[in-house]
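Shown below: run-v6.cif, with mmCIF, C-alpha atoms and all ligand atoms.
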```
data_query
loop_
_atom_site.label_atom_id
_atom_site.label_comp_id
_atom_site.auth_asym_id
_atom_site.auth_seq_id
_atom_site.Cartn_x
_atom_site.Cartn_y
_atom_site.Cartn_z
CA MET G 298 25.31 96.34 46.21
CA THR G 299 27.04 93.55 48.16
CA SER G 300 30.73 92.97 47.78
CA HIS G 301 32.14 89.46 47.79
CA ILE G 302 35.54 90.83 48.66
CA LYS G 303 36.67 90.11 52.21
CA LEU G 304 40.05 90.40 53.87
CA GLN G 305 41.42 87.39 55.68
CA PHE G 306 43.18 87.53 59.04
CA ALA G 307 45.52 84.84 60.37
CA HIS G 308 44.44 83.56 63.78
CA PRO G 309 46.23 81.14 66.09
CA PRO G 310 44.43 77.82 66.54
CA ALA G 311 43.81 78.54 70.24
CA ARG G 312 43.46 81.58 72.50
CA PRO G 313 43.49 81.92 76.32
CA GLY G 314 40.90 79.64 77.86
CA ASP G 315 40.96 77.26 74.85
CA LYS G 316 42.62 73.87 74.80
CA PRO G 317 46.03 74.15 73.02
CA ASP G 318 45.62 72.87 69.49
CA PHE G 319 48.55 71.82 67.30
CA SER G 320 46.53 69.26 65.34
CA SER G 321 47.03 71.08 62.04
CA LEU G 322 50.83 70.87 62.18
CA GLU G 323 52.43 68.28 59.94
CA ILE G 324 55.23 66.63 61.90
CA PRO G 325 56.99 63.99 59.76
CA GLN G 326 58.72 60.94 61.19
CA ALA G 327 62.39 61.36 62.14
CA GLY G 328 64.96 60.07 59.67
CA THR G 329 62.93 60.24 56.46
CA LEU G 330 64.67 62.99 54.46
CA PRO G 331 67.92 62.31 52.58
CA VAL G 332 71.05 64.42 53.10
CA LEU G 333 71.45 66.99 50.33
CA ALA G 334 74.60 67.54 48.26
CA HIS G 335 76.56 70.55 49.43
CA ASP G 336 76.11 72.22 46.04
CA VAL G 337 72.37 71.51 45.88
CA ALA G 338 70.29 74.03 43.89
CA ALA G 339 67.18 75.68 45.28
CA GLN G 340 64.84 73.72 43.00
CA ASP G 341 66.12 70.48 44.53
CA CYS G 342 65.32 71.58 48.09
CA ILE G 343 61.55 71.67 47.79
CA ASP G 344 60.93 68.67 50.08
CA HIS G 345 63.50 69.85 52.63
CA ALA G 346 62.06 73.35 52.70
CA ASN G 347 58.51 72.13 53.21
CA SER G 348 59.06 69.15 55.51
CA LEU G 349 61.29 68.88 58.58
CA VAL G 350 64.77 67.43 59.07
CA ARG G 351 64.58 65.32 62.24
CA VAL G 352 67.11 62.91 63.74
CA LEU G 353 65.77 61.91 67.18
CA ASN G 354 62.63 59.81 67.05
CA ASP G 355 59.99 59.62 69.78
CA ALA G 356 61.93 56.84 71.54
CA GLY G 357 65.07 59.01 71.65
CA GLU G 358 66.98 57.02 69.01
CA ALA G 359 69.10 58.83 66.40
CA VAL G 360 67.82 57.57 63.05
CA GLY G 361 68.15 58.13 59.31
CA PRO G 362 70.59 59.63 56.83
CA TRP G 363 71.20 62.86 58.76
CA ALA G 364 72.22 60.83 61.83
CA GLU G 365 74.68 58.87 59.68
CA TYR G 366 76.01 62.04 58.11
CA LEU G 367 76.55 63.55 61.56
CA ALA G 368 78.46 60.40 62.60
CA LEU G 369 78.94 61.77 66.07
CA GLU G 370 80.97 59.17 67.90
CA ASP G 371 82.13 61.20 70.84
CA PRO G 372 79.51 61.16 73.62
CA ASP G 373 81.46 63.89 75.43
CA ALA G 374 80.43 66.30 72.67
CA LEU G 375 76.77 65.53 73.33
CA ARG G 376 77.20 65.77 77.09
CA SER G 377 78.79 69.17 76.72
CA GLY G 378 75.92 70.22 74.43
CA LEU G 379 73.49 69.10 77.12
CA ARG G 380 75.38 71.11 79.72
CA ASP G 381 75.36 74.22 77.50
CA MET G 382 71.59 73.98 77.17
CA MET G 383 71.14 73.40 80.90
CA LYS G 384 73.37 76.38 81.67
CA SER G 385 71.41 78.58 79.30
CA ARG G 386 68.14 77.62 80.99
CA ILE G 387 69.47 78.06 84.51
CA ILE G 388 70.83 81.51 83.61
CA ASP G 389 67.44 82.44 82.11
CA MET G 390 65.56 81.37 85.22
CA ARG G 391 67.88 83.17 87.62
CA MET G 392 67.99 86.34 85.54
CA MET G 393 64.22 86.49 85.19
CA ASN G 394 64.02 86.25 88.99
CA ALA G 395 66.64 88.98 89.38
CA GLN G 396 64.62 91.18 87.02
CA ARG G 397 61.46 90.53 89.07
CA GLN G 398 63.40 91.49 92.20
CA GLY G 399 64.16 94.86 90.58
CA LYS G 400 67.89 94.21 90.21
CA MET G 401 67.91 94.76 86.44
CA SER G 402 65.68 96.63 84.04
CA PHE G 403 64.83 94.01 81.45
CA TYR G 404 65.54 90.46 80.36
CA ILE G 405 64.90 88.24 77.34
CA GLN G 406 64.97 84.47 77.77
CA GLY G 407 65.36 81.62 75.29
CA ILE G 408 63.60 78.81 77.17
CA GLY G 409 62.61 76.00 74.80
CA GLU G 410 64.94 77.23 72.05
CA GLU G 411 68.26 76.24 73.64
CA ALA G 412 69.19 73.63 71.03
CA VAL G 413 69.31 76.15 68.19
CA GLY G 414 72.07 78.48 69.41
CA CYS G 415 73.95 75.93 71.54
CA GLY G 416 74.04 73.40 68.69
CA PHE G 417 74.80 75.78 65.85
CA GLN G 418 77.84 77.23 67.64
CA ARG G 419 79.60 73.82 67.50
CA TYR G 420 80.41 74.18 63.80
CA LEU G 421 81.72 77.71 63.86
CA ARG G 422 85.38 78.64 63.75
CA LYS G 423 87.35 81.57 65.07
CA GLY G 424 86.75 84.54 62.80
CA ASP G 425 83.23 83.51 61.72
CA MET G 426 80.69 86.15 62.69
CA ASN G 427 77.15 85.76 64.00
CA PHE G 428 74.73 88.64 63.55
CA PRO G 429 72.35 87.55 66.31
CA THR G 430 69.12 88.81 67.80
CA TYR G 431 68.52 89.22 71.53
CA ARG G 432 67.42 85.55 71.79
CA GLN G 433 70.62 83.81 70.62
CA GLN G 434 72.56 83.99 73.87
CA GLY G 435 73.07 80.21 73.57
CA LEU G 436 75.70 80.95 70.90
CA LEU G 437 77.77 82.81 73.47
CA ILE G 438 77.26 80.22 76.20
CA ALA G 439 78.33 77.38 73.90
CA ALA G 440 81.32 79.45 72.77
CA GLY G 441 82.56 79.61 76.39
CA TYR G 442 81.99 83.36 76.77
CA PRO G 443 82.95 84.33 80.35
CA LEU G 444 79.86 84.32 82.58
CA GLU G 445 81.09 87.46 84.40
CA LYS G 446 80.85 89.42 81.15
CA LEU G 447 77.54 87.85 80.17
CA MET G 448 75.92 88.73 83.50
CA GLY G 449 77.72 92.06 83.88
CA GLN G 450 75.99 93.12 80.67
CA PHE G 451 72.57 92.45 82.27
CA TYR G 452 73.40 94.41 85.40
CA SER G 453 75.17 97.23 83.48
CA ASN G 454 77.92 97.42 86.08
CA SER G 455 81.70 97.42 85.89
CA PHE G 456 81.70 93.77 84.69
CA ASP G 457 79.80 94.90 81.59
CA PRO G 458 82.11 95.07 78.54
CA LEU G 459 79.66 97.63 77.09
CA LEU G 460 79.74 99.80 80.24
CA GLY G 461 75.96 100.01 80.49
CA ARG G 462 75.39 101.45 77.04
CA GLN G 463 73.08 98.69 75.71
CA LEU G 464 69.82 97.11 76.90
CA PRO G 465 70.33 93.82 78.77
CA THR G 466 70.86 90.85 76.39
CA LEU G 467 72.05 93.10 73.52
CA HIS G 468 75.61 91.79 73.87
CA SER G 469 78.63 92.60 71.75
CA ALA G 470 81.55 90.17 71.70
CA ARG G 471 83.64 90.41 68.54
CA GLU G 472 86.25 87.92 69.72
CA TYR G 473 83.49 85.33 70.27
CA GLY G 474 81.98 85.88 66.81
CA TYR G 475 78.99 87.78 68.21
CA PHE G 476 78.33 91.06 66.43
CA THR G 477 76.69 93.84 68.47
CA VAL G 478 72.98 92.99 68.77
CA SER G 479 70.75 95.61 67.23
CA GLY G 480 67.39 96.30 68.86
CA ASN G 481 66.01 97.15 65.42
CA LEU G 482 64.70 93.89 64.09
CA GLY G 483 65.93 92.56 60.77
CA THR G 484 69.12 94.61 60.50
CA GLN G 485 71.09 91.47 61.31
CA TYR G 486 70.32 90.04 57.87
CA VAL G 487 71.65 92.93 55.81
CA HIS G 488 74.68 93.24 58.06
CA ALA G 489 75.46 89.53 57.73
CA VAL G 490 75.19 89.58 53.94
CA GLY G 491 77.28 92.75 53.69
CA TRP G 492 79.95 91.40 56.03
CA ALA G 493 80.07 88.11 54.08
CA MET G 494 80.45 90.01 50.79
CA ALA G 495 83.24 92.18 52.19
CA ASN G 496 85.12 89.15 53.48
CA ALA G 497 84.76 87.32 50.17
CA LEU G 498 86.00 90.39 48.31
CA THR G 499 89.07 90.66 50.54
CA GLY G 500 89.88 86.96 50.12
CA GLN G 501 89.09 85.76 53.66
CA ASP G 502 87.64 82.34 54.32
CA THR G 503 85.42 83.17 57.29
CA ILE G 504 81.63 82.96 57.06
CA ALA G 505 78.76 85.12 58.29
CA ILE G 506 75.61 83.94 59.99
CA GLY G 507 72.44 86.03 60.08
CA TRP G 508 69.65 85.45 62.60
CA ILE G 509 66.05 86.60 62.44
CA GLY G 510 62.78 85.69 64.16
CA ASP G 511 59.70 84.53 62.23
CA GLY G 512 57.91 87.81 62.93
CA SER G 513 60.87 89.86 61.75
CA THR G 514 60.83 88.20 58.32
CA ALA G 515 58.05 90.72 57.66
CA ALA G 516 60.70 93.48 57.77
CA ASN G 517 62.09 94.77 54.48
CA ASP G 518 65.61 93.87 55.54
CA PHE G 519 64.77 90.18 55.23
CA HIS G 520 63.94 90.54 51.53
CA THR G 521 66.75 93.00 50.80
CA ALA G 522 69.25 90.55 52.28
CA LEU G 523 67.83 87.57 50.42
CA LEU G 524 68.02 89.42 47.13
CA SER G 525 71.65 90.45 47.73
CA ALA G 526 72.54 86.92 48.83
CA SER G 527 70.84 85.60 45.70
CA SER G 528 72.62 88.04 43.37
CA TYR G 529 76.13 87.87 44.84
CA TRP G 530 76.27 84.39 46.43
CA PRO G 531 78.29 85.40 49.52
CA PRO G 532 79.36 82.93 52.26
CA VAL G 533 76.37 83.45 54.53
CA ILE G 534 73.96 81.23 56.45
CA LEU G 535 70.60 82.91 57.00
CA ASN G 536 68.70 81.50 59.98
CA VAL G 537 65.00 82.01 60.68
CA VAL G 538 64.05 81.03 64.23
CA ASN G 539 60.38 80.22 63.89
CA ASN G 540 59.18 80.11 67.49
CA GLN G 541 55.52 80.67 66.55
CA TRP G 542 55.07 84.10 68.13
CA ALA G 543 56.26 87.68 67.58
CA ILE G 544 55.30 89.07 71.00
CA SER G 545 51.49 88.65 70.78
CA THR G 546 51.40 88.33 66.99
CA TYR G 547 50.85 84.79 65.75
CA THR G 548 53.38 83.46 63.22
CA GLY G 549 50.66 83.11 60.55
CA VAL G 550 50.65 86.88 60.12
CA ALA G 551 54.31 87.10 59.01
CA ARG G 552 54.02 83.87 57.01
CA GLY G 553 50.90 84.96 55.16
CA HIS G 554 49.71 82.21 52.86
CA GLY G 555 53.25 80.98 52.28
CA ARG G 556 53.75 77.43 53.45
CA THR G 557 57.02 77.77 55.34
CA TYR G 558 59.72 80.41 55.85
CA ALA G 559 62.28 78.07 54.29
CA ALA G 560 60.23 77.82 51.10
CA ARG G 561 60.33 81.61 50.85
CA ALA G 562 64.10 81.44 50.14
CA LEU G 563 63.55 79.11 47.17
CA GLY G 564 61.83 81.93 45.31
CA TYR G 565 65.11 83.82 45.52
CA GLY G 566 67.00 80.80 44.21
CA ILE G 567 68.59 80.21 47.61
CA PRO G 568 68.68 76.59 48.86
CA ALA G 569 66.82 76.15 52.15
CA ILE G 570 66.00 73.47 54.68
CA ARG G 571 63.56 73.34 57.58
CA VAL G 572 64.79 71.68 60.77
CA ASP G 573 63.32 70.42 64.05
CA GLY G 574 64.82 73.09 66.31
CA ASN G 575 64.09 71.10 69.48
CA ASP G 576 66.24 68.17 68.34
CA TYR G 577 69.85 68.89 69.30
CA LEU G 578 71.16 66.21 66.90
CA ALA G 579 69.17 67.60 63.96
CA VAL G 580 70.55 71.05 64.81
CA LEU G 581 74.10 69.67 64.76
CA ALA G 582 73.57 67.81 61.48
CA ALA G 583 72.00 70.80 59.71
CA SER G 584 74.63 73.19 61.07
CA LYS G 585 77.43 70.86 59.93
CA TRP G 586 75.90 70.62 56.46
CA ALA G 587 75.25 74.36 56.07
CA THR G 588 78.68 75.47 57.32
CA GLU G 589 80.41 72.94 55.03
CA ARG G 590 78.37 74.13 52.05
CA VAL G 591 79.15 77.77 52.64
CA ARG G 592 82.85 77.17 53.39
CA GLN G 593 83.18 75.20 50.16
CA GLY G 594 82.04 78.28 48.23
CA HIS G 595 78.62 77.05 47.11
CA GLY G 596 76.92 80.24 48.27
CA ALA G 597 74.18 81.29 50.63
CA VAL G 598 71.73 78.96 52.37
CA LEU G 599 68.69 79.51 54.61
CA ILE G 600 67.65 77.36 57.57
CA GLU G 601 64.26 77.61 59.24
CA TRP G 602 64.45 76.32 62.80
CA TYR G 603 61.04 75.08 63.82
CA THR G 604 60.57 75.63 67.55
CA TYR G 605 58.36 77.19 70.20
CA ARG G 606 58.93 80.18 72.48
CA VAL G 607 58.11 78.69 75.89
CA GLY G 608 58.69 81.80 77.98
CA ALA G 609 57.24 85.27 77.64
CA HIS G 610 58.64 87.35 74.78
CA SER G 611 60.54 89.44 77.35
CA SER G 612 60.28 90.41 81.01
CA SER G 613 57.76 93.06 79.89
CA ASP G 614 55.37 90.59 78.23
CA ASP G 615 52.49 88.49 79.59
CA PRO G 616 51.72 85.62 77.19
CA SER G 617 48.65 84.52 79.19
CA ALA G 618 46.89 87.47 77.51
CA TYR G 619 47.15 85.95 74.04
CA ARG G 620 47.74 82.18 74.16
CA PRO G 621 46.55 79.22 76.24
CA LYS G 622 48.45 78.90 79.50
CA ASP G 623 49.67 75.35 78.89
CA GLU G 624 50.36 75.70 75.15
CA ALA G 625 54.12 75.19 75.61
CA LYS G 626 53.55 71.81 77.26
CA ALA G 627 51.48 70.71 74.26
CA TRP G 628 54.16 71.64 71.70
CA PRO G 629 54.51 68.40 69.73
CA LEU G 630 58.31 68.59 69.33
CA GLY G 631 58.89 68.47 73.09
CA ASP G 632 61.68 70.01 75.11
CA PRO G 633 65.24 70.06 73.67
CA ILE G 634 66.94 69.33 76.99
CA GLU G 635 64.61 66.43 77.81
CA ARG G 636 65.03 64.96 74.33
CA LEU G 637 68.84 64.99 74.37
CA LYS G 638 68.85 63.70 77.95
CA GLN G 639 66.57 60.82 76.93
CA HIS G 640 68.85 59.98 73.98
CA LEU G 641 71.98 59.96 76.13
CA ILE G 642 70.32 57.75 78.74
CA LEU G 643 69.17 55.38 75.99
CA ILE G 644 72.72 54.95 74.67
CA ASP G 645 74.04 54.46 78.24
CA GLU G 646 76.00 57.70 78.28
CA TRP G 647 73.95 59.52 80.94
CA SER G 648 71.63 58.80 83.85
CA GLU G 649 68.99 60.56 85.94
CA ALA G 650 71.49 60.78 88.80
CA ARG G 651 74.18 62.36 86.60
CA HIS G 652 71.59 64.81 85.32
CA VAL G 653 70.64 65.91 88.83
CA GLN G 654 74.30 66.25 89.72
CA ALA G 655 75.08 68.28 86.58
CA GLU G 656 72.13 70.55 87.34
CA SER G 657 73.40 71.28 90.84
CA GLU G 658 76.98 71.88 89.61
CA ILE G 659 75.83 74.31 86.94
CA LEU G 660 73.49 76.07 89.36
CA ALA G 661 76.33 76.46 91.89
CA GLU G 662 78.61 77.93 89.21
CA VAL G 663 75.94 80.38 88.03
CA ILE G 664 75.08 81.46 91.60
CA GLU G 665 78.75 82.00 92.45
CA VAL G 666 79.29 84.26 89.40
CA GLN G 667 75.96 86.02 89.95
CA LYS G 668 76.92 86.92 93.53
CA ARG G 669 80.26 88.35 92.43
CA VAL G 670 78.69 90.33 89.59
CA GLU G 671 75.85 91.64 91.78
CA ALA G 672 78.40 92.87 94.33
CA ALA G 673 79.59 95.34 91.65
CA GLY G 674 76.13 96.96 91.49
CA THR G 675 72.50 96.30 90.63
CA MET G 676 69.53 98.62 90.17
CA LEU G 677 68.77 98.16 93.90
CA ASP G 678 72.35 98.99 94.82
CA PRO G 679 73.63 101.24 92.02
CA GLN G 680 77.37 101.67 91.71
CA PRO G 681 77.71 104.06 88.78
CA ILE G 682 80.43 103.48 86.22
CA PRO G 683 82.82 106.52 86.12
CA GLY G 684 81.70 109.24 83.69
CA ALA G 685 84.86 108.84 81.58
CA SER G 686 83.36 105.59 80.24
CA LEU G 687 81.03 107.72 78.10
CA PHE G 688 84.00 108.58 75.94
CA LYS G 689 85.47 105.11 75.63
CA GLY G 690 85.17 102.94 72.54
CA VAL G 691 83.39 105.56 70.45
CA TYR G 692 86.07 107.31 68.37
CA ALA G 693 89.49 105.95 67.44
CA ASP G 694 90.68 109.59 67.36
CA THR G 695 88.64 111.82 69.62
CA PRO G 696 87.42 114.92 67.73
CA GLU G 697 88.30 118.30 69.21
CA HIS G 698 84.74 119.22 70.28
CA ILE G 699 84.32 115.90 72.15
CA ARG G 700 87.70 116.37 73.80
CA ARG G 701 86.53 119.80 75.01
CA GLN G 702 83.24 118.35 76.33
CA ARG G 703 85.20 115.76 78.27
CA GLN G 704 87.40 118.48 79.72
CA GLU G 705 84.29 120.45 80.74
CA MET G 706 82.95 117.36 82.49
CA GLY G 707 86.25 117.01 84.29
CA VAL G 708 86.54 113.24 83.73
C1 LIG G 801 62.14 97.33 63.25
C2 LIG G 801 61.45 96.97 64.55
N1 LIG G 801 60.09 96.88 64.59
C3 LIG G 801 59.46 96.54 65.74
C4 LIG G 801 60.18 96.30 66.88
C5 LIG G 801 59.45 95.91 68.19
N2 LIG G 801 59.62 94.47 68.47
C6 LIG G 801 60.57 94.02 69.33
S1 LIG G 801 60.59 92.35 69.44
C7 LIG G 801 59.30 92.18 68.36
C8 LIG G 801 58.79 90.80 67.97
C9 LIG G 801 59.80 89.99 67.22
O1 LIG G 801 59.34 88.68 66.98
P1 LIG G 801 60.19 87.62 66.20
O2 LIG G 801 60.91 88.26 65.07
O3 LIG G 801 59.31 86.47 65.85
O4 LIG G 801 61.31 87.16 67.23
P2 LIG G 801 61.13 86.53 68.69
O5 LIG G 801 61.08 87.69 69.64
O6 LIG G 801 59.90 85.70 68.70
O7 LIG G 801 62.36 85.71 68.94
C10 LIG G 801 58.86 93.45 67.93
C11 LIG G 801 57.74 93.66 66.98
C12 LIG G 801 61.59 96.40 66.81
N3 LIG G 801 62.37 96.14 67.88
N4 LIG G 801 62.21 96.72 65.63
#
```

Spit out the file's structure as C-alpha cells when you get a sec.
Ligand SMILES: Cc1ncc(C[n+]2csc(CCOP(=O)(O)OP(=O)(O)O)c2C)c(N)n1
Amino acid sequence: MTSHIKLQFAHPPARPGDKPDFSSLEIPQAGTLPVLAHDVAAQDCIDHANSLVRVLNDAGEAVGPWAEYLALEDPDALRSGLRDMMKSRIIDMRMMNAQRQGKMSFYIQGIGEEAVGCGFQRYLRKGDMNFPTYRQQGLLIAAGYPLEKLMGQFYSNSFDPLLGRQLPTLHSAREYGYFTVSGNLGTQYVHAVGWAMANALTGQDTIAIGWIGDGSTAANDFHTALLSASSYWPPVILNVVNNQWAISTYTGVARGHGRTYAARALGYGIPAIRVDGNDYLAVLAASKWATERVRQGHGAVLIEWYTYRVGAHSSSDDPSAYRPKDEAKAWPLGDPIERLKQHLILIDEWSEARHVQAESEILAEVIEVQKRVEAAGTMLDPQPIPGASLFKGVYADTPEHIRRQRQEMGV
C-alpha cells in the first residue's frame, strides 16, 4: 500500500554555496499604504498586516501618507537617530573583536537591525517599560544609557550594574525602561502583557512593550500573551522582530504556512501592521502611531518588523554553515544606516564628509569608554568583584539563613 501523505519541511531559498535568492519576497513600493485610525479594528488591518509600511523609496525620498503623518520637521532628530544607529554598530564591532580576543565570554550583535530599537525608543516616555530580548540594545543606546554601564555589563566587572550575575547583553535598567532580559525566549511577551494589565488596574498611564524574535513566536508564551492581550485589552505593544533566522533555523519553520507574523495577531482580534524595519522613517512613523493608539486606550497592537540579521546569531554561531556567505548584501531592503544617510544627504542635511567625521567621533568616544571599562577587569585580566556582591539586590530583608551564610563567608 502506498501512502499519499507526506510531511512538508520549510527550506530557505538558498544554502551555502548557492546564490542568495530573495526573488520570492513581495516588496511593495514605499508610500502606498494609508495611515490607519488609532482605534482601527483587526479586520481593517488585513492589508497592513500582509503588506509592508515603507516611507523611504529607493531614491531616499520620504513619500506617502506615513511620511506626512510623521511630519518630522526637525533634521536634528534624524541626525541623532543616525548617530544612535552608528554608535550601536560601532559598539557591536568593537565588542565582537573584544570577545574574539578572549576579553569577554559572549556577545550578541544587532548589525542590520539598528533602526528598529533606535527608532522605536524615540516615542517612549519615562515610566514606559520595554521587555526586550538580547538583541534590542539599540533601545538603551537611543535612551542615552551610560556607555560605562552598557560595556561594564559585557565585561562583568565593577562597572556592571548587575555585578556579573547575567550573561553579556542581558541588561537590566529599570530607570531606562529596560526590564531585565530573560535568556528564556518568549517570556518577554507574557511579562509585558502582565505588567501592562497591572498598570492599567492601578490607574497608571504608562505602556508596556514586548519584544520577540520570529523564531520565538513558536514558543507558547507568544500565544498565551496574545490571548490575554485580546481578552483584556491592556496598553501593550507587541513587537515581532522578523530577521529571517532563529540561529540556523529558517523563519519559514516558525511561520509555518501563515503568510506573515503580523497576520497571526488578526486571528486574535488584535490590530497589526508589518513594517520595513530597515527604514528608520517607517520605524518612527509606526512607533508614533502604535504608542499613540495604546496611550489613547484603544488596546493592544502588534508590529512585525521586517528585517535581516546580518551578523551571526551570537559570538558562538557560524552562519556560513547554513546560509550563503553574501546573503546579507543581497537583502532587498538594504542597510538602515545607509538608507537614512542617503535620505539626509538628499535633503541637504548631511554629507559624506560629515558622516566620516561623525564616525570618527563616535569611535573615539566608544574607545575611550572601552579603555576605562577594560581597566576594571576583563577575562584576560580578571579583577573579581568582592564576594559581598552575591548578597546584594536579592532580598529586601535578608532571611536569617542567608545572613548566617554571609557571616560564614566573612564578607
Ligand atoms: C525557551 C528557549 N528555547 C530555546 C532557546 C535557545 N535559543 C536561544 S536564541 C534562539 C533563537 C532565537 O531566534 P529568534 O527568536 O528568531 O530571535 P533572533 O535571535 O533571531 O533575534 C534559541 C532557539 C532559549 N534561549 N529559550

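The coordinates place atom CA of Leu330 of chain G at 25.5 Å from atom CA of Ile642 of chain G.
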
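Between atom CA of Arg590 of chain G and atom CA of His335 of chain G lies a distance of 4.8 Å.
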
Practice problem: Please identify every polymer residue within 9 Å of ligand LIG 801 (chain G), using all atoms listed in the file, and present the set as an MDAnalysis selection string. | Solution: chainID G and resid 405 407 430:433 479:484 509:516 537:548 551 605:606 610:611

Exercise. Tell me which of G:Arg701, G:His308, G:Arg351, G:Lys384 sits closest to Ile634 of chain G, counting only C-alpha atoms.
Key: G:Lys384

Quiz item: Excluding same-chain residues fewer than 2 positions from segment 649-651 of chain G, what lies within 12 Å of it counting only C-alpha atoms, as a ChimeraX atom specification?
Solution: /G:376,379-380,635,638-643,645-647,653-658

Exercise. Select, from G:Pro443, G:Pro372, G:Gly416, G:Pro362, the residue with the minimum atom-to-atom distance to Asp457 of chain G, counting only C-alpha atoms.
Key: G:Pro443

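If you measure from each of G:Ala395, G:Ala440, G:Val550, G:Ala562 to Ala346 of chain G using all atoms listed in the file, the closest one turns out to be G:Ala562.
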
Practice problem: Identify, on the basis of all atoms listed in the file, every residue whose closest approach to Gln434 of chain G does not exceed 10 Å; exclude the query and any residue fewer than 2 positions from it along the same chain; express the result as a VMD selection string. | Solution: chain G and resid 385 389 405 to 407 411 414 to 415 429 to 432 436 to 440 442 447 466 to 468 475

Exercise. Enter the distance from atom CA of Gln463 of chain G to atom CA of Gly378 of chain G, in Å, rounded to one decimal.
Key: 28.6 Å

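Distances from G:Val332, G:Met706, G:Ala339, G:Ala625 to Gly596 of chain G were compared using all atoms listed in the file, and the smallest one belongs to G:Ala339.
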
Quiz prompt | Top pick for closest residue to Gly449 of chain G, considering G:Ser686, G:Asn536, G:Thr675, G:Gln704 and counting all atoms listed in the file | solution = G:Thr675

Quiz item: Nearest to Val607 of chain G among G:Cys342, G:Val350, G:Ala495, G:Ile408, with distances taken over all atoms listed in the file: which residue is it?
Solution: G:Ile408
